[in-house]
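Have a look at model15.pdb; it's PDB, C-alpha atoms:
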ATOM      1  CA  MET A   1      -7.851 -56.195  13.435
ATOM      2  CA  HIS A   2      -7.360 -58.197  16.596
ATOM      3  CA  GLY A   3      -9.725 -56.506  18.993
ATOM      4  CA  MET A   4      -9.166 -54.039  21.776
ATOM      5  CA  SER A   5      -8.435 -54.192  25.512
ATOM      6  CA  LEU A   6     -10.306 -56.205  28.143
ATOM      7  CA  ILE A   7     -12.210 -53.122  29.374
ATOM      8  CA  VAL A   8     -13.593 -52.385  25.948
ATOM      9  CA  LYS A   9     -14.525 -56.027  25.436
ATOM     10  CA  SER A  10     -16.370 -56.270  28.767
ATOM     11  CA  ILE A  11     -18.329 -53.052  28.196
ATOM     12  CA  THR A  12     -19.169 -54.099  24.674
ATOM     13  CA  ARG A  13     -20.408 -57.471  25.904
ATOM     14  CA  LEU A  14     -22.762 -55.654  28.291
ATOM     15  CA  VAL A  15     -23.962 -52.923  25.967
ATOM     16  CA  ALA A  16     -24.045 -54.217  22.384
ATOM     17  CA  GLY A  17     -27.229 -56.247  22.828
ATOM     18  CA  PHE A  18     -29.101 -53.312  24.337
ATOM     19  CA  ILE A  19     -27.994 -51.022  21.515
ATOM     20  CA  ALA A  20     -29.239 -53.522  18.962
ATOM     21  CA  ILE A  21     -32.577 -53.923  20.778
ATOM     22  CA  PHE A  22     -32.990 -50.137  20.929
ATOM     23  CA  GLY A  23     -32.394 -50.012  17.181
ATOM     24  CA  VAL A  24     -35.049 -52.682  16.569
ATOM     25  CA  TYR A  25     -37.458 -50.750  18.833
ATOM     26  CA  THR A  26     -36.806 -47.560  16.852
ATOM     27  CA  VAL A  27     -37.577 -49.425  13.626
ATOM     28  CA  PHE A  28     -40.824 -50.981  14.875
ATOM     29  CA  TYR A  29     -42.162 -47.784  16.473
ATOM     30  CA  GLY A  30     -41.174 -45.613  13.525
ATOM     31  CA  HIS A  31     -44.759 -44.779  12.589
ATOM     32  CA  VAL A  32     -45.884 -43.629  16.050
ATOM     33  CA  SER A  33     -42.796 -41.959  17.506
ATOM     34  CA  PRO A  34     -39.630 -40.213  16.314
ATOM     35  CA  GLY A  35     -37.301 -42.534  14.499
ATOM     36  CA  GLY A  36     -38.033 -44.950  11.715
ATOM     37  CA  GLY A  37     -36.278 -47.301   9.372
ATOM     38  CA  PHE A  38     -33.193 -45.221   8.677
ATOM     39  CA  ALA A  39     -32.491 -44.133  12.252
ATOM     40  CA  GLY A  40     -33.076 -47.621  13.664
ATOM     41  CA  GLY A  41     -30.951 -49.212  10.968
ATOM     42  CA  VAL A  42     -28.097 -46.846  11.784
ATOM     43  CA  ILE A  43     -28.334 -47.794  15.479
ATOM     44  CA  VAL A  44     -28.285 -51.531  14.658
ATOM     45  CA  ALA A  45     -25.305 -50.986  12.364
ATOM     46  CA  GLY A  46     -23.627 -49.092  15.208
ATOM     47  CA  ALA A  47     -23.985 -52.120  17.478
ATOM     48  CA  MET A  48     -22.435 -54.391  14.856
ATOM     49  CA  VAL A  49     -19.583 -51.929  14.211
ATOM     50  CA  LEU A  50     -18.954 -51.854  17.965
ATOM     51  CA  ILE A  51     -18.644 -55.654  18.041
ATOM     52  CA  VAL A  52     -16.194 -55.614  15.129
ATOM     53  CA  LEU A  53     -14.066 -52.882  16.719
ATOM     54  CA  ALA A  54     -13.997 -54.429  20.179
ATOM     55  CA  PHE A  55     -13.577 -58.123  19.419
ATOM     56  CA  GLY A  56     -11.790 -58.005  16.129
ATOM     57  CA  GLU A  57     -12.771 -59.295  12.763
ATOM     58  CA  GLU A  58     -12.325 -63.020  13.518
ATOM     59  CA  PHE A  59     -14.916 -63.091  16.300
ATOM     60  CA  SER A  60     -17.370 -60.830  14.505
ATOM     61  CA  ARG A  61     -17.383 -63.258  11.623
ATOM     62  CA  LYS A  62     -19.053 -65.822  13.908
ATOM     63  CA  VAL A  63     -21.694 -63.359  15.182
ATOM     64  CA  ILE A  64     -22.488 -61.681  11.868
ATOM     65  CA  PRO A  65     -21.051 -63.509   8.858
ATOM     66  CA  HIS A  66     -20.253 -61.088   6.074
ATOM     67  CA  GLY A  67     -22.352 -63.113   3.684
ATOM     68  CA  THR A  68     -25.358 -62.574   5.967
ATOM     69  CA  ALA A  69     -24.830 -58.814   5.861
ATOM     70  CA  LYS A  70     -24.631 -58.906   2.093
ATOM     71  CA  VAL A  71     -27.781 -61.027   1.728
ATOM     72  CA  SER A  72     -29.692 -58.880   4.251
ATOM     73  CA  ASP A  73     -28.733 -55.780   2.310
ATOM     74  CA  ALA A  74     -30.301 -57.239  -0.824
ATOM     75  CA  LEU A  75     -33.330 -58.623   1.059
ATOM     76  CA  GLY A  76     -34.149 -55.216   2.534
ATOM     77  CA  ALA A  77     -34.285 -53.631  -0.894
ATOM     78  CA  MET A  78     -36.349 -56.516  -2.303
ATOM     79  CA  GLY A  79     -38.730 -56.355   0.677
ATOM     80  CA  PHE A  80     -39.369 -52.668   0.123
ATOM     81  CA  LEU A  81     -40.009 -53.339  -3.554
ATOM     82  CA  ALA A  82     -42.365 -56.212  -2.611
ATOM     83  CA  VAL A  83     -44.378 -53.885  -0.339
ATOM     84  CA  ALA A  84     -44.674 -51.456  -3.236
ATOM     85  CA  LEU A  85     -45.706 -54.146  -5.725
ATOM     86  CA  PHE A  86     -48.250 -55.773  -3.381
ATOM     87  CA  GLY A  87     -50.009 -52.409  -3.509
ATOM     88  CA  TYR A  88     -51.382 -53.478  -6.896
ATOM     89  CA  MET A  89     -53.712 -55.859  -5.006
ATOM     90  CA  ALA A  90     -55.420 -52.741  -3.643
ATOM     91  CA  GLY A  91     -55.248 -50.746  -6.833
ATOM     92  CA  GLY A  92     -51.837 -49.197  -7.429
ATOM     93  CA  PHE A  93     -48.148 -48.766  -6.720
ATOM     94  CA  PHE A  94     -47.490 -48.271  -2.958
ATOM     95  CA  VAL A  95     -51.214 -48.346  -2.179
ATOM     96  CA  ASN A  96     -52.038 -49.622   1.293
ATOM     97  CA  PHE A  97     -53.443 -53.173   1.267
ATOM     98  CA  LEU A  98     -53.508 -53.854   5.009
ATOM     99  CA  PRO A  99     -56.088 -52.815   7.621
ATOM    100  CA  ARG A 100     -55.304 -49.337   8.878
ATOM    101  CA  GLY A 101     -55.963 -49.898  12.568
ATOM    102  CA  GLU A 102     -56.307 -47.156  15.124
ATOM    103  CA  PRO A 103     -53.837 -44.262  14.697
ATOM    104  CA  GLY A 104     -51.190 -44.003  17.387
ATOM    105  CA  THR A 105     -51.040 -47.704  18.263
ATOM    106  CA  LEU A 106     -48.342 -50.186  17.319
ATOM    107  CA  PHE A 107     -50.487 -52.250  14.911
ATOM    108  CA  SER A 108     -51.664 -49.444  12.693
ATOM    109  CA  ALA A 109     -50.719 -47.418   9.634
ATOM    110  CA  GLY A 110     -51.072 -50.293   7.154
ATOM    111  CA  THR A 111     -47.925 -51.015   5.186
ATOM    112  CA  ILE A 112     -45.763 -48.308   6.772
ATOM    113  CA  PRO A 113     -44.328 -50.535   9.572
ATOM    114  CA  ILE A 114     -43.409 -53.195   7.009
ATOM    115  CA  SER A 115     -41.709 -50.571   4.853
ATOM    116  CA  ASN A 116     -39.882 -49.323   7.936
ATOM    117  CA  LEU A 117     -38.718 -52.867   8.691
ATOM    118  CA  ALA A 118     -37.417 -53.325   5.142
ATOM    119  CA  ILE A 119     -35.620 -49.969   5.247
ATOM    120  CA  GLY A 120     -34.158 -50.794   8.672
ATOM    121  CA  VAL A 121     -32.742 -54.107   7.447
ATOM    122  CA  LYS A 122     -31.392 -52.442   4.320
ATOM    123  CA  VAL A 123     -29.761 -49.527   6.134
ATOM    124  CA  GLY A 124     -28.328 -51.638   8.962
ATOM    125  CA  ALA A 125     -26.778 -54.225   6.680
ATOM    126  CA  GLY A 126     -25.707 -51.667   4.103
ATOM    127  CA  LEU A 127     -23.975 -49.412   6.598
ATOM    128  CA  PHE A 128     -22.240 -52.412   8.158
ATOM    129  CA  CYS A 129     -21.043 -53.453   4.694
ATOM    130  CA  VAL A 130     -19.738 -49.914   4.096
ATOM    131  CA  PHE A 131     -17.812 -50.047   7.372
ATOM    132  CA  LEU A 132     -16.350 -53.463   6.528
ATOM    133  CA  ALA A 133     -15.337 -52.274   3.087
ATOM    134  CA  LEU A 134     -13.622 -49.200   4.515
ATOM    135  CA  ALA A 135     -11.971 -50.874   7.495
ATOM    136  CA  LEU A 136     -11.005 -54.384   6.471
ATOM    137  CA  PHE A 137     -10.650 -54.830   2.756
ATOM    138  CA  ARG A 138      -7.327 -54.062   1.108
ATOM    139  CA  ARG A 139      -6.139 -54.628  -2.399
ATOM    140  CA  PRO A 140      -3.216 -57.057  -2.640
ATOM    141  CA  GLY A 141       0.150 -55.359  -2.688
ATOM    142  CA  GLU A 142      -0.945 -52.239  -0.844
ATOM    143  CA  ARG A 143       1.065 -51.000   2.120
ATOM    144  CA  GLN A 144      -1.186 -50.661   5.138
ATOM    145  CA  ASN A 145      -0.833 -51.400   8.858
ATOM    146  CA  GLY A 146       2.663 -52.766   8.559
ATOM    147  CA  LEU A 147       1.888 -55.150   5.749
ATOM    148  CA  THR A 148       4.736 -55.563   3.334
ATOM    149  CA  ARG A 149       4.228 -54.839  -0.312
ATOM    150  CA  GLY A 150       3.229 -57.773  -2.457
ATOM    151  CA  GLN A 151       1.791 -59.833   0.385
ATOM    152  CA  PRO A 152      -1.990 -60.138   0.109
ATOM    153  CA  ASP A 153      -3.640 -60.249   3.508
ATOM    154  CA  ARG A 154      -6.791 -62.011   4.587
ATOM    155  CA  GLY A 155      -9.057 -59.078   3.893
ATOM    156  CA  ALA A 156      -7.930 -58.858   0.310
ATOM    157  CA  LEU A 157      -9.109 -62.390  -0.339
ATOM    158  CA  GLU A 158     -12.418 -61.723   1.374
ATOM    159  CA  GLY A 159     -12.871 -58.561  -0.637
ATOM    160  CA  GLU A 160     -13.606 -60.676  -3.660
ATOM    161  CA  GLU A 161     -16.745 -62.203  -2.246
ATOM    162  CA  LEU A 162     -18.475 -59.202  -0.676
TER     163      LEU A 162
ATOM    164  CA  MET B   1     -32.439  -6.952  11.226
ATOM    165  CA  THR B   2     -34.779  -8.321  13.799
ATOM    166  CA  LEU B   3     -33.834 -10.923  16.307
ATOM    167  CA  THR B   4     -35.855 -13.592  14.501
ATOM    168  CA  MET B   5     -33.315 -13.593  11.692
ATOM    169  CA  LEU B   6     -30.480 -14.460  14.073
ATOM    170  CA  PRO B   7     -30.723 -18.293  13.623
ATOM    171  CA  TYR B   8     -30.471 -17.859   9.854
ATOM    172  CA  LEU B   9     -27.357 -15.738  10.311
ATOM    173  CA  LEU B  10     -25.757 -18.346  12.572
ATOM    174  CA  ALA B  11     -26.606 -21.124  10.111
ATOM    175  CA  PHE B  12     -25.020 -19.135   7.285
ATOM    176  CA  ILE B  13     -21.906 -18.607   9.407
ATOM    177  CA  LEU B  14     -21.750 -22.389   9.885
ATOM    178  CA  LEU B  15     -22.108 -22.844   6.122
ATOM    179  CA  VAL B  16     -19.266 -20.423   5.462
ATOM    180  CA  VAL B  17     -17.067 -22.257   7.982
ATOM    181  CA  GLY B  18     -17.648 -25.527   6.122
ATOM    182  CA  LEU B  19     -16.982 -23.877   2.769
ATOM    183  CA  TYR B  20     -13.763 -22.344   4.113
ATOM    184  CA  ALA B  21     -12.555 -25.755   5.282
ATOM    185  CA  ILE B  22     -13.245 -27.292   1.877
ATOM    186  CA  VAL B  23     -11.554 -24.514  -0.095
ATOM    187  CA  ALA B  24      -8.615 -23.490   2.063
ATOM    188  CA  LYS B  25      -7.486 -26.589   3.935
ATOM    189  CA  ARG B  26      -4.858 -28.929   2.540
ATOM    190  CA  ASN B  27      -5.497 -31.994   4.689
ATOM    191  CA  VAL B  28      -7.951 -34.457   3.128
ATOM    192  CA  ILE B  29      -9.473 -35.317   6.517
ATOM    193  CA  LYS B  30     -10.133 -31.636   7.240
ATOM    194  CA  ILE B  31     -11.765 -31.275   3.833
ATOM    195  CA  ILE B  32     -14.057 -34.220   4.656
ATOM    196  CA  VAL B  33     -14.961 -32.632   7.994
ATOM    197  CA  GLY B  34     -15.680 -29.371   6.186
ATOM    198  CA  LEU B  35     -17.972 -31.225   3.800
ATOM    199  CA  ALA B  36     -19.870 -32.664   6.774
ATOM    200  CA  ILE B  37     -20.200 -29.194   8.359
ATOM    201  CA  LEU B  38     -21.514 -27.825   5.060
ATOM    202  CA  ASP B  39     -24.086 -30.654   4.902
ATOM    203  CA  TYR B  40     -25.329 -29.961   8.400
ATOM    204  CA  ALA B  41     -25.497 -26.207   7.806
ATOM    205  CA  VAL B  42     -27.693 -26.742   4.740
ATOM    206  CA  ASN B  43     -29.905 -29.145   6.707
ATOM    207  CA  LEU B  44     -30.197 -26.574   9.497
ATOM    208  CA  ILE B  45     -31.257 -23.848   7.067
ATOM    209  CA  LEU B  46     -33.907 -26.128   5.553
ATOM    210  CA  VAL B  47     -35.325 -26.993   8.960
ATOM    211  CA  LEU B  48     -35.327 -23.312   9.909
ATOM    212  CA  VAL B  49     -37.377 -22.502   6.795
ATOM    213  CA  GLY B  50     -40.032 -24.954   8.012
ATOM    214  CA  TYR B  51     -40.239 -23.346  11.451
ATOM    215  CA  ARG B  52     -43.557 -21.763  12.326
ATOM    216  CA  ALA B  53     -43.941 -19.504  15.326
ATOM    217  CA  THR B  54     -47.136 -20.104  17.283
ATOM    218  CA  LYS B  55     -48.575 -17.602  19.699
ATOM    219  CA  GLY B  56     -48.054 -18.553  23.311
ATOM    220  CA  ALA B  57     -47.483 -22.303  22.979
ATOM    221  CA  PRO B  58     -44.027 -23.706  22.215
ATOM    222  CA  PRO B  59     -43.568 -25.162  18.693
ATOM    223  CA  MET B  60     -44.480 -28.838  18.341
ATOM    224  CA  ALA B  61     -42.773 -31.573  16.388
ATOM    225  CA  PRO B  62     -45.058 -32.790  13.570
ATOM    226  CA  ILE B  63     -45.803 -36.097  15.298
ATOM    227  CA  LEU B  64     -49.248 -37.160  16.506
ATOM    228  CA  THR B  65     -49.068 -38.551  20.025
ATOM    229  CA  GLY B  66     -51.854 -39.684  22.318
ATOM    230  CA  GLY B  67     -54.494 -40.617  19.764
ATOM    231  CA  MET B  68     -56.669 -38.730  17.288
ATOM    232  CA  ALA B  69     -58.099 -36.483  20.010
ATOM    233  CA  ASN B  70     -54.973 -34.325  19.842
ATOM    234  CA  GLU B  71     -55.234 -33.730  16.100
ATOM    235  CA  PRO B  72     -56.568 -30.111  16.237
ATOM    236  CA  ALA B  73     -53.728 -29.076  18.551
ATOM    237  CA  LEU B  74     -51.236 -30.703  16.177
ATOM    238  CA  VAL B  75     -52.660 -28.886  13.158
ATOM    239  CA  ALA B  76     -52.642 -25.597  15.047
ATOM    240  CA  GLY B  77     -49.197 -25.846  16.590
ATOM    241  CA  ALA B  78     -46.926 -28.180  14.649
ATOM    242  CA  VAL B  79     -44.077 -26.957  12.469
ATOM    243  CA  ASP B  80     -43.964 -27.744   8.744
ATOM    244  CA  PRO B  81     -43.113 -31.459   8.253
ATOM    245  CA  LEU B  82     -42.162 -31.165   4.583
ATOM    246  CA  PRO B  83     -38.641 -29.667   5.027
ATOM    247  CA  GLN B  84     -37.977 -32.282   7.711
ATOM    248  CA  ALA B  85     -38.766 -35.110   5.276
ATOM    249  CA  LEU B  86     -36.498 -33.395   2.740
ATOM    250  CA  VAL B  87     -33.739 -33.099   5.345
ATOM    251  CA  LEU B  88     -34.053 -36.809   6.174
ATOM    252  CA  THR B  89     -33.354 -37.603   2.513
ATOM    253  CA  SER B  90     -30.502 -35.101   2.570
ATOM    254  CA  ILE B  91     -28.967 -36.788   5.616
ATOM    255  CA  VAL B  92     -29.025 -40.159   3.853
ATOM    256  CA  ILE B  93     -27.386 -38.654   0.782
ATOM    257  CA  SER B  94     -24.721 -36.912   2.861
ATOM    258  CA  LEU B  95     -23.983 -40.232   4.593
ATOM    259  CA  SER B  96     -23.397 -41.876   1.213
ATOM    260  CA  VAL B  97     -21.265 -38.948   0.048
ATOM    261  CA  THR B  98     -19.191 -39.137   3.226
ATOM    262  CA  ALA B  99     -18.611 -42.876   2.766
ATOM    263  CA  LEU B 100     -17.524 -42.299  -0.836
ATOM    264  CA  VAL B 101     -15.192 -39.438   0.065
ATOM    265  CA  VAL B 102     -13.632 -41.403   2.926
ATOM    266  CA  ALA B 103     -13.008 -44.327   0.576
ATOM    267  CA  ILE B 104     -11.335 -41.997  -1.925
ATOM    268  CA  GLY B 105      -9.267 -40.468   0.879
ATOM    269  CA  LEU B 106      -8.121 -43.912   2.018
ATOM    270  CA  ARG B 107      -7.069 -44.821  -1.502
ATOM    271  CA  LEU B 108      -5.176 -41.526  -1.827
ATOM    272  CA  TYR B 109      -3.341 -42.215   1.423
ATOM    273  CA  GLU B 110      -2.461 -45.717   0.308
ATOM    274  CA  LYS B 111      -1.095 -44.403  -2.984
ATOM    275  CA  TYR B 112       0.797 -41.324  -1.817
ATOM    276  CA  GLY B 113       1.416 -41.992   1.876
ATOM    277  CA  THR B 114       0.159 -38.553   2.898
ATOM    278  CA  PHE B 115      -3.074 -36.660   3.471
ATOM    279  CA  ASP B 116      -1.604 -33.374   2.204
ATOM    280  CA  THR B 117      -3.210 -32.525  -1.128
ATOM    281  CA  GLN B 118      -0.259 -30.419  -2.217
ATOM    282  CA  ARG B 119       2.155 -33.305  -1.873
ATOM    283  CA  MET B 120       0.003 -35.649  -3.947
ATOM    284  CA  ARG B 121       1.659 -35.589  -7.311
ATOM    285  CA  ASN B 122       2.945 -38.245  -9.601
ATOM    286  CA  LEU B 123       5.869 -36.226 -10.946
ATOM    287  CA  ARG B 124       8.769 -35.937  -8.538
ATOM    288  CA  GLY B 125      11.459 -33.343  -8.790
TER     289      GLY B 125
END
As structure tokens, the full file:
Amino acid sequence: MHGMSLIVKSITRLVAGFIAIFGVYTVFYGHVSPGGGFAGGVIVAGAMVLIVLAFGEEFSRKVIPHGTAKVSDALGAMGFLAVALFGYMAGGFFVNFLPRGEPGTLFSAGTIPISNLAIGVKVGAGLFCVFLALALFRRPGERQNGLTRGQPDRGALEGEEL
Amino acid sequence: MTLTMLPYLLAFILLVVGLYAIVAKRNVIKIIVGLAILDYAVNLILVLVGYRATKGAPPMAPILTGGMANEPALVAGAVDPLPQALVLTSIVISLSVTALVVAIGLRLYEKYGTFDTQRMRNLRG
């Protein structure tokens, strides 16, 4: 993948940051408004997919290294598990251990915003990894996009590490 | 049949369209699209089951806005949140299923060079 035309690149440069910020907003306000961890994570993943499609794989590797996506994927799951296990401080699995706050405000609802954050990180990174696996990685020797048989491309080598 | 059953009928028509695409189409991509339509039809039926008609006022989403003072209005007017939580899980599962099916479709295309399921065979002759 070598990126798309100048128009697509310019629009992506303008828009991708706003899409990512809207995704983060959806994650953080998941307990008081429609949205939440999954929806926000999908929006963040959409911004990253847009960068990969517009600028090509080489550039996107500088913005979001694939190792970072992989580690974030694992960290999201571990964070959600940590929120569940910290509930034992208050008496049980998934029990709220934070002050509840006033309902309807941003700093409220105890552990739910932290769970939303963990789910958002997990979904965003996981969906981005799924896209990378579908779009970039090829097994060596496969015929795809004009590659000749028996010639392993760059993605095949990277496929080992993700 | 009363008019209130009309959304159910339309959702079932959507479900049958998805099922038809899965069963009758030969292109792998069309089968995947049919699977997605089937997913959304099932989600739509589940959300419709949770609908609750309120007299006079329009139905509310089960989300508390504007502080605890609005809680009685929410309890009186909101639709059932349980099917919506179920549908959220269902959407996540259908996303995973779609990713898996697309990966299998890509591998099939790489192996056979076609998306036609009837031309995918190892024996030639």
Note to self: Show me, as number ranges by chain, every residue of chain B with an atom at most 8 Å from chain A, counting all atoms listed in the file.
What the structure shows: B: 63-68, 99, 102-103, 110
_Counting all atoms listed in the file, which residue out of B:Val101, B:Ala53, B:Leu74, B:Ile13 sits closest to B:Leu35?_
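Ranking B:Val101, B:Ala53, B:Leu74, B:Ile13 by distance to B:Leu35, first place goes to B:Val101.
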* For this file, the PyMOL selection byres ((chain A and resi 65-70) around 10) selects which residues, as a VMD selection string? -> chain A and resid 58 to 64 71 to 75 121 to 122 124 to 129 132 158 161 to 162
Practice item. Run the PyMOL selection byres ((chain A and resi 96-101) around 6) on the file and write out the hits as a PyMOL selection string. Key: chain A and resi 87+90+95+102+108-111
TODO: Show which residues sit within 12 Å of B:Val47, as a PyMOL selection string. Count all atoms listed in the file, and ignore same-chain residues fewer than 4 positions away.
DONE: chain B and resi 7-8+11+40-43+51-52+61+79-88+90
Exercise for the section: Evaluate the PyMOL selection byres ((chain A and resi 41) around 12) on the structure here and hand back the selected residues as a PyMOL selection string. Expected result: (chain A and resi 19-28+30+35-40+42-48+72-73+76+116-128) or (chain B and resi 92)
Output C-alpha atoms of each residue in that selection to a file, as a PDB file, in the frame of the given file.
ATOM      1  CA  ILE A  19     -27.994 -51.022  21.515  1.00  0.00           C
ATOM      2  CA  ALA A  20     -29.239 -53.522  18.962  1.00  0.00           C
ATOM      3  CA  ILE A  21     -32.577 -53.923  20.778  1.00  0.00           C
ATOM      4  CA  PHE A  22     -32.990 -50.137  20.929  1.00  0.00           C
ATOM      5  CA  GLY A  23     -32.394 -50.012  17.181  1.00  0.00           C
ATOM      6  CA  VAL A  24     -35.049 -52.682  16.569  1.00  0.00           C
ATOM      7  CA  TYR A  25     -37.458 -50.750  18.833  1.00  0.00           C
ATOM      8  CA  THR A  26     -36.806 -47.560  16.852  1.00  0.00           C
ATOM      9  CA  VAL A  27     -37.577 -49.425  13.626  1.00  0.00           C
ATOM     10  CA  PHE A  28     -40.824 -50.981  14.875  1.00  0.00           C
ATOM     11  CA  GLY A  30     -41.174 -45.613  13.525  1.00  0.00           C
ATOM     12  CA  GLY A  35     -37.301 -42.534  14.499  1.00  0.00           C
ATOM     13  CA  GLY A  36     -38.033 -44.950  11.715  1.00  0.00           C
ATOM     14  CA  GLY A  37     -36.278 -47.301   9.372  1.00  0.00           C
ATOM     15  CA  PHE A  38     -33.193 -45.221   8.677  1.00  0.00           C
ATOM     16  CA  ALA A  39     -32.491 -44.133  12.252  1.00  0.00           C
ATOM     17  CA  GLY A  40     -33.076 -47.621  13.664  1.00  0.00           C
ATOM     18  CA  VAL A  42     -28.097 -46.846  11.784  1.00  0.00           C
ATOM     19  CA  ILE A  43     -28.334 -47.794  15.479  1.00  0.00           C
ATOM     20  CA  VAL A  44     -28.285 -51.531  14.658  1.00  0.00           C
ATOM     21  CA  ALA A  45     -25.305 -50.986  12.364  1.00  0.00           C
ATOM     22  CA  GLY A  46     -23.627 -49.092  15.208  1.00  0.00           C
ATOM     23  CA  ALA A  47     -23.985 -52.120  17.478  1.00  0.00           C
ATOM     24  CA  MET A  48     -22.435 -54.391  14.856  1.00  0.00           C
ATOM     25  CA  SER A  72     -29.692 -58.880   4.251  1.00  0.00           C
ATOM     26  CA  ASP A  73     -28.733 -55.780   2.310  1.00  0.00           C
ATOM     27  CA  GLY A  76     -34.149 -55.216   2.534  1.00  0.00           C
ATOM     28  CA  ASN A 116     -39.882 -49.323   7.936  1.00  0.00           C
ATOM     29  CA  LEU A 117     -38.718 -52.867   8.691  1.00  0.00           C
ATOM     30  CA  ALA A 118     -37.417 -53.325   5.142  1.00  0.00           C
ATOM     31  CA  ILE A 119     -35.620 -49.969   5.247  1.00  0.00           C
ATOM     32  CA  GLY A 120     -34.158 -50.794   8.672  1.00  0.00           C
ATOM     33  CA  VAL A 121     -32.742 -54.107   7.447  1.00  0.00           C
ATOM     34  CA  LYS A 122     -31.392 -52.442   4.320  1.00  0.00           C
ATOM     35  CA  VAL A 123     -29.761 -49.527   6.134  1.00  0.00           C
ATOM     36  CA  GLY A 124     -28.328 -51.638   8.962  1.00  0.00           C
ATOM     37  CA  ALA A 125     -26.778 -54.225   6.680  1.00  0.00           C
ATOM     38  CA  GLY A 126     -25.707 -51.667   4.103  1.00  0.00           C
ATOM     39  CA  LEU A 127     -23.975 -49.412   6.598  1.00  0.00           C
ATOM     40  CA  PHE A 128     -22.240 -52.412   8.158  1.00  0.00           C
TER      41      PHE A 128
ATOM     42  CA  VAL B  92     -29.025 -40.159   3.853  1.00  0.00           C
TER      43      VAL B  92
END
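Between atom CA of B:Thr98 and atom CA of A:Glu57 lies a distance of 23.2 Å.
Here atom CA of A:Leu106 is placed at a distance of 17.0 Å from atom CA of B:Ala69.
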Any idea what the distance is between atom CA of B:Arg107 and atom CA of B:Ala36?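 Interatomic distance here is 19.5 Å.
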Margin query: So that I can see what lies close to A:Met4, please list as a ChimeraX atom specification the residues with an atom at most 9 Å from it, counting all atoms listed in the file and leaving out residues fewer than 2 positions away in the same chain.
Written below: /A:1-2,6-9,53-56
**Asked** Between B:Leu48, B:Gly34, B:Ala78, B:Lys25, which has the minimum distance to B:Pro62 (counting all atoms listed in the file)?
**Response**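 Nearest to B:Pro62: B:Ala78.
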At a cut-off of 9 Å, using all atoms listed in the file, what residues contact B:Asn27? Leave out same-chain residues fewer than 5 positions from it and give the result as a PyMOL selection string.
chain B and resi 32+114-118
Closest of B:Leu38, B:Ile31, B:Leu44, B:Ile104 to B:Leu15, counting only C-alpha atoms, is B:Leu38
Closest of B:Thr54, B:Ser96, B:Thr89, B:Thr2 to B:Ala76, counting all atoms listed in the file, is B:Thr54
Fix up stretch 87-99 of chain A with N, CA and C atoms, then write it as an mmCIF file, keeping the file's coordinate frame.
data_model
loop_
_atom_site.group_PDB
_atom_site.id
_atom_site.type_symbol
_atom_site.label_atom_id
_atom_site.label_comp_id
_atom_site.auth_asym_id
_atom_site.auth_seq_id
_atom_site.Cartn_x
_atom_site.Cartn_y
_atom_site.Cartn_z
ATOM 1 N N GLY A 87 -48.993 -53.452 -3.449
ATOM 2 C CA GLY A 87 -50.009 -52.409 -3.509
ATOM 3 C C GLY A 87 -50.940 -52.561 -4.698
ATOM 4 N N TYR A 88 -50.501 -53.281 -5.732
ATOM 5 C CA TYR A 88 -51.382 -53.478 -6.896
ATOM 6 C C TYR A 88 -52.596 -54.315 -6.541
ATOM 7 N N MET A 89 -52.519 -55.111 -5.447
ATOM 8 C CA MET A 89 -53.712 -55.859 -5.006
ATOM 9 C C MET A 89 -54.807 -54.901 -4.576
ATOM 10 N N ALA A 90 -54.423 -53.716 -4.089
ATOM 11 C CA ALA A 90 -55.420 -52.741 -3.643
ATOM 12 C C ALA A 90 -55.639 -51.644 -4.673
ATOM 13 N N GLY A 91 -54.924 -51.703 -5.793
ATOM 14 C CA GLY A 91 -55.248 -50.746 -6.833
ATOM 15 C C GLY A 91 -54.087 -49.969 -7.419
ATOM 16 N N GLY A 92 -52.900 -49.988 -6.817
ATOM 17 C CA GLY A 92 -51.837 -49.197 -7.429
ATOM 18 C C GLY A 92 -50.520 -49.354 -6.712
ATOM 19 N N PHE A 93 -49.490 -48.719 -7.265
ATOM 20 C CA PHE A 93 -48.148 -48.766 -6.720
ATOM 21 C C PHE A 93 -48.136 -48.092 -5.350
ATOM 22 N N PHE A 94 -47.606 -48.786 -4.322
ATOM 23 C CA PHE A 94 -47.490 -48.271 -2.958
ATOM 24 C C PHE A 94 -48.826 -48.004 -2.287
ATOM 25 N N VAL A 95 -49.916 -48.547 -2.824
ATOM 26 C CA VAL A 95 -51.214 -48.346 -2.179
ATOM 27 C C VAL A 95 -51.337 -49.304 -1.003
ATOM 28 N N ASN A 96 -51.916 -48.818 0.081
ATOM 29 C CA ASN A 96 -52.038 -49.622 1.293
ATOM 30 C C ASN A 96 -53.011 -50.781 1.070
ATOM 31 N N PHE A 97 -52.571 -52.009 1.419
ATOM 32 C CA PHE A 97 -53.443 -53.173 1.267
ATOM 33 C C PHE A 97 -53.741 -53.851 2.593
ATOM 34 N N LEU A 98 -53.282 -53.267 3.696
ATOM 35 C CA LEU A 98 -53.508 -53.854 5.009
ATOM 36 C C LEU A 98 -54.544 -53.026 5.765
ATOM 37 N N PRO A 99 -55.177 -53.617 6.793
ATOM 38 C CA PRO A 99 -56.088 -52.815 7.621
ATOM 39 C C PRO A 99 -55.359 -51.677 8.313
#
